[in-house]
$ cat protein.tsv   # TSV, C-alpha atoms
chain	number	residue	atom	x	y	z
G	1	MET	CA	160.82	80.15	216.01
G	2	ALA	CA	159.76	79.03	212.55
G	3	ARG	CA	162.11	76.08	212.87
G	4	LEU	CA	160.27	74.80	215.95
G	5	VAL	CA	156.92	74.95	214.14
G	6	THR	CA	158.22	73.14	211.06
G	7	THR	CA	160.01	70.37	212.92
G	8	PRO	CA	156.85	68.77	214.42
G	9	PHE	CA	155.13	69.15	211.05
G	10	LEU	CA	158.05	67.45	209.28
G	11	ALA	CA	158.08	64.67	211.88
G	12	LEU	CA	154.37	64.08	211.34
G	13	CYS	CA	154.85	63.91	207.56
G	14	LEU	CA	157.71	61.41	207.93
G	15	ALA	CA	155.63	59.28	210.31
G	16	LEU	CA	152.76	59.16	207.82
G	17	VAL	CA	155.09	58.16	204.99
G	18	ALA	CA	156.63	55.43	207.15
G	19	MET	CA	153.22	53.90	207.85
G	20	ASP	CA	151.95	51.05	205.71
G	21	THR	CA	150.86	52.81	202.50
G	22	PRO	CA	148.05	50.38	201.55
G	23	ALA	CA	146.40	51.03	204.89
G	24	LEU	CA	146.32	54.74	204.12
G	25	ALA	CA	144.95	54.19	200.61
G	26	GLN	CA	142.27	51.74	201.63
G	27	ALA	CA	139.01	53.65	201.79
G	28	CYS	CA	136.55	50.73	201.70
G	29	ASP	CA	136.52	47.48	203.64
G	30	THR	CA	137.25	45.34	200.56
G	31	PRO	CA	140.44	43.55	199.45
G	32	SER	CA	141.07	46.23	196.79
G	33	GLY	CA	140.00	49.15	198.97
G	34	GLN	CA	137.54	50.12	196.23
G	35	PRO	CA	133.74	50.31	196.48
G	36	VAL	CA	131.64	47.25	195.67
G	37	PRO	CA	129.67	47.32	193.47
G	38	ARG	CA	131.61	49.37	190.91
G	39	PHE	CA	131.92	49.54	187.14
G	40	VAL	CA	135.10	48.61	185.25
G	41	THR	CA	135.93	47.37	181.74
G	42	LEU	CA	137.58	44.31	180.22
G	43	ARG	CA	141.28	44.95	179.61
G	44	PHE	CA	141.79	42.43	176.79
G	45	ASP	CA	140.03	41.24	173.63
G	46	GLU	CA	139.68	37.79	175.17
G	47	VAL	CA	138.72	37.31	178.83
G	48	ARG	CA	137.40	34.18	180.51
G	49	GLY	CA	134.64	34.36	183.10
G	50	ARG	CA	134.77	31.36	185.44
G	51	VAL	CA	132.26	29.60	187.68
G	52	GLY	CA	134.41	30.33	190.75
G	53	PRO	CA	137.41	32.40	191.85
G	54	SER	CA	140.33	30.25	190.59
G	55	THR	CA	141.77	28.86	187.37
G	56	THR	CA	140.65	25.37	188.42
G	57	HIS	CA	137.00	26.40	188.10
G	58	PRO	CA	135.40	25.77	184.69
G	59	VAL	CA	134.99	28.62	182.22
G	60	ARG	CA	131.39	29.89	182.14
G	61	TRP	CA	131.79	32.61	179.51
G	62	GLU	CA	134.44	33.76	177.06
G	63	TYR	CA	134.25	37.47	176.39
G	64	ARG	CA	135.80	38.79	173.19
G	65	ARG	CA	135.41	42.53	173.49
G	66	SER	CA	138.04	44.75	175.07
G	67	GLY	CA	136.43	47.72	176.79
G	68	LEU	CA	133.16	45.92	177.57
G	69	PRO	CA	131.72	47.43	180.76
G	70	VAL	CA	131.10	45.02	183.64
G	71	GLU	CA	130.04	45.58	187.23
G	72	ILE	CA	132.12	44.15	190.07
G	73	ILE	CA	129.64	42.80	192.63
G	74	ALA	CA	132.06	40.89	194.92
G	75	GLU	CA	135.78	40.40	195.23
G	76	THR	CA	138.58	38.41	196.80
G	77	GLU	CA	142.25	39.40	196.88
G	78	ASP	CA	142.83	38.37	193.23
G	79	TRP	CA	139.39	37.62	191.80
G	80	ARG	CA	136.34	39.75	190.99
G	81	ARG	CA	132.77	38.51	190.60
G	82	VAL	CA	131.31	40.53	187.75
G	83	ARG	CA	127.94	41.07	186.11
G	84	ASP	CA	127.91	41.81	182.38
G	85	PRO	CA	125.37	44.01	180.53
G	86	GLU	CA	123.18	40.95	179.90
G	87	GLY	CA	123.01	40.14	183.63
G	88	GLU	CA	125.30	37.09	183.47
G	89	GLU	CA	127.70	36.64	186.37
G	90	SER	CA	131.15	35.05	186.49
G	91	TRP	CA	134.54	35.39	188.20
G	92	MET	CA	137.48	37.12	186.49
G	93	HIS	CA	141.05	37.63	187.61
G	94	ARG	CA	141.75	41.24	188.58
G	95	ARG	CA	144.50	41.53	185.92
G	96	THR	CA	141.90	41.09	183.17
G	97	LEU	CA	139.99	44.21	184.28
G	98	SER	CA	140.71	47.89	183.80
G	99	GLY	CA	139.57	50.75	186.02
G	100	ARG	CA	138.48	52.71	182.94
G	101	ARG	CA	134.78	53.40	182.68
G	102	ALA	CA	132.69	52.71	179.62
G	103	VAL	CA	128.98	52.28	178.98
G	104	GLN	CA	126.85	50.23	176.64
G	105	VAL	CA	124.00	51.98	174.86
G	106	ARG	CA	120.68	50.24	175.65
G	107	GLU	CA	118.56	52.11	173.10
G	108	ALA	CA	119.39	54.31	170.11
G	109	ALA	CA	120.59	57.62	171.47
G	110	SER	CA	121.66	61.01	170.22
G	111	LEU	CA	124.91	62.54	171.43
G	112	HIS	CA	124.41	66.25	172.09
G	113	ALA	CA	126.86	69.16	172.24
G	114	ARG	CA	125.68	69.99	175.77
G	115	PRO	CA	123.71	68.12	178.48
G	116	ASP	CA	120.47	69.42	177.01
G	117	ALA	CA	118.06	67.67	174.61
G	118	GLU	CA	117.67	70.94	172.69
G	119	SER	CA	121.41	71.31	171.98
G	120	PRO	CA	122.78	70.27	168.57
G	121	GLU	CA	123.23	66.56	167.88
G	122	THR	CA	126.89	65.60	167.36
G	123	ALA	CA	126.43	61.88	166.58
G	124	ARG	CA	124.10	58.90	167.01
G	125	ALA	CA	124.79	55.71	168.96
G	126	GLU	CA	123.08	52.43	168.14
G	127	PRO	CA	121.97	49.87	170.75
G	128	GLY	CA	124.91	47.75	171.88
G	129	ALA	CA	127.51	50.42	171.09
G	130	ILE	CA	130.25	50.82	173.70
G	131	LEU	CA	131.49	54.32	174.42
G	132	SER	CA	134.11	55.63	176.84
G	133	LEU	CA	132.59	57.45	179.79
G	134	GLU	CA	134.20	60.79	180.61
G	135	ARG	CA	131.80	62.03	183.32
G	136	CYS	CA	128.14	62.24	184.31
G	137	ARG	CA	126.22	65.26	185.56
G	138	LEU	CA	122.55	65.69	186.45
G	139	GLY	CA	121.25	62.69	184.51
G	140	TRP	CA	123.52	63.19	181.47
G	141	CYS	CA	126.84	61.50	180.64
G	142	ARG	CA	129.63	62.81	178.40
G	143	LEU	CA	130.83	60.01	176.16
G	144	GLU	CA	133.49	59.49	173.51
G	145	ALA	CA	134.00	56.96	170.72
G	146	GLU	CA	136.06	57.12	167.55
G	147	GLY	CA	136.65	60.84	167.84
G	148	HIS	CA	132.99	61.69	168.46
G	149	ARG	CA	132.04	63.29	171.78
G	150	GLY	CA	128.73	64.26	173.22
G	151	TRP	CA	126.24	64.10	176.05
G	152	VAL	CA	123.64	61.31	176.33
G	153	ARG	CA	120.86	60.84	178.88
G	154	ALA	CA	122.18	58.42	181.49
G	155	SER	CA	118.91	56.46	181.42
G	156	ALA	CA	119.80	55.19	177.90
G	157	LEU	CA	123.04	53.60	179.16
G	158	TRP	CA	124.17	50.46	181.00
G	159	GLY	CA	127.17	51.05	183.23
G	160	VAL	CA	126.10	54.10	185.23
G	161	TYR	CA	125.43	54.34	188.94
G	162	ALA	CA	122.04	55.26	190.38
G	163	TYR	CA	123.35	58.63	191.58
G	164	GLU	CA	124.45	59.42	187.99
G	165	LEU	CA	120.85	58.97	186.81
G	166	VAL	CA	119.53	61.62	189.18
G	167	GLN	CA	118.68	64.85	187.41
G	168	THR	CA	118.89	67.24	190.38
G	169	MET	CA	121.63	67.99	192.87
G	170	SER	CA	121.01	67.02	196.48
G	171	ALA	CA	123.22	67.06	199.55
G	172	ASP	CA	121.85	63.70	200.73
G	173	LEU	CA	122.97	61.82	197.59
G	174	PRO	CA	126.46	60.29	197.29
G	175	GLN	CA	128.71	61.76	194.60
G	176	SER	CA	130.65	58.52	194.17
G	177	PRO	CA	129.91	54.81	194.58
G	178	PRO	CA	129.35	54.04	198.27
G	179	CYS	CA	131.46	51.33	199.93
G	180	ASN	CA	130.03	47.83	200.15
G	181	ALA	CA	126.68	48.60	198.53
G	182	LEU	CA	125.58	51.01	201.27
G	183	ARG	CA	122.87	53.09	199.63
G	184	THR	CA	120.63	55.77	201.01
G	185	ALA	CA	116.85	55.47	200.80
G	186	ALA	CA	116.76	58.85	199.10
G	187	LEU	CA	119.06	57.61	196.33
G	188	ASP	CA	116.97	54.52	195.67
G	189	GLU	CA	113.71	56.48	195.67
G	190	ARG	CA	115.00	59.14	193.29
G	191	SER	CA	116.54	56.67	190.83
G	192	GLU	CA	113.32	54.63	190.49
G	193	GLY	CA	111.32	55.61	187.46
G	194	LEU	CA	114.27	57.14	185.59

$ encode --input "protein.tsv" --output "structure tokens"
Amino acid sequence: MARLVTTPFLALCLALVAMDTPALAQACDTPSGQPVPRFVTLRFDEVRGRVGPSTTHPVRWEYRRSGLPVEIIAETEDWRRVRDPEGEESWMHRRTLSGRRAVQVREAASLHARPDAESPETARAEPGAILSLERCRLGWCRLEAEGHRGWVRASALWGVYAYELVQTMSADLPQSPPCNALRTAALDERSEGL
């Protein structure tokens, strides 16, 4: 009897494996299957941002900072249109970008032991500093750089999503970047003024 129950289950598993894997992995209607917009970082110490999505387009910017956070705002199969922390836009090849998250500090900020302004300060970050982003929770982000870890208010950072700025939990807010810039009115209202 158990064999009859497992056989259809096994057949279903094999059928799913036999299907085109990218189709299963693709969650968003984008060439990469990832949400747009989304934050990523530069993979190399030298990356060229071009006027258009090909190597025949002129170079608009040369970036010389591995780990710099940028926001993907559009994409083709191989190219990503990105916005840097200064608001400049250019096209970069997907190989030059990493899925790792980082943030740039917009104003001097204290890193705290816990996501609480009253908790002990573990380090200070100057404006322009780039720190690796571990996670965000209720308007605070846990960051790391050069062996120093701590929590910083998300409002002091560039490279965080609107839902990461929100300081209260709510069932109507997304917990990850929505596909294709779909945003709820509640999210936009709550993130204004933070």

$ atom_distance --input "protein.tsv" --atom1 "atom CA of Ser32 of chain G" --atom2 "atom CA of Glu89 of chain G"
19.5 Å

$ closest_residue --input "protein.tsv" --among "G:Glu164, G:Glu86, G:Glu107, G:Asp29" --to "Arg142 of chain G" --atoms "only C-alpha atoms"
G:Glu164

$ closest_residue --input "protein.tsv" --among "G:Gln104, G:Ser66, G:Ser119, G:Gln34" --to "Trp158 of chain G" --atoms "only C-alpha atoms"
G:Gln104

$ closest_residue --input "protein.tsv" --among "G:Val51, G:Val36, G:Val166, G:Ala117" --to "Glu75 of chain G" --atoms "only C-alpha atoms"
G:Val36

$ closest_residue --input "protein.tsv" --among "G:Thr96, G:Arg135, G:Arg81, G:Glu144" --to "Leu111 of chain G" --atoms "all atoms listed in the file"
G:Glu144

$ residues_around --input "protein.tsv" --residues "Arg48 of chain G" --least-positions-apart "5" --cutoff "10 Å" --atoms "all atoms listed in the file" --output "MDAnalysis selection string"
chainID G and resid 55 58:64 90:93 96

$ atom_distance --input "protein.tsv" --atom1 "atom CA of Trp79 of chain G" --atom2 "atom CA of Arg100 of chain G"
17.5 Å

$ atom_distance --input "protein.tsv" --atom1 "atom CA of Ala123 of chain G" --atom2 "atom CA of Val105 of chain G"
13.1 Å

$ axis_aligned_box --input "protein.tsv" --around "segment 115-124 of chain G" --padding-each-side "6 Å" --output "JSON"
{"center_x": 122.3, "center_y": 65.1, "center_z": 172.5, "size_x": 21.2, "size_y": 24.4, "size_z": 23.9}

$ closest_residue --input "protein.tsv" --among "G:Val82, G:Leu157, G:Cys28, G:Leu138" --to "Ala108 of chain G" --atoms "all atoms listed in the file"
G:Leu157

$ closest_residue --input "protein.tsv" --among "G:Gly139, G:Pro35, G:Gly67, G:Gly159" --to "Gly87 of chain G" --atoms "all atoms listed in the file"
G:Gly159

$ residues_around --input "protein.tsv" --residues "Leu68 of chain G" --least-positions-apart "3" --cutoff "9 Å" --atoms "only C-alpha atoms" --output "ChimeraX atom specification"
/G:40-43,63-65,84-85,102-104,130

$ residues_around --input "protein.tsv" --residues "His148 of chain G" --least-positions-apart "6" --cutoff "12 Å" --atoms "only C-alpha atoms" --output "number ranges by chain"
G: 110-113, 121-125, 131-132, 142
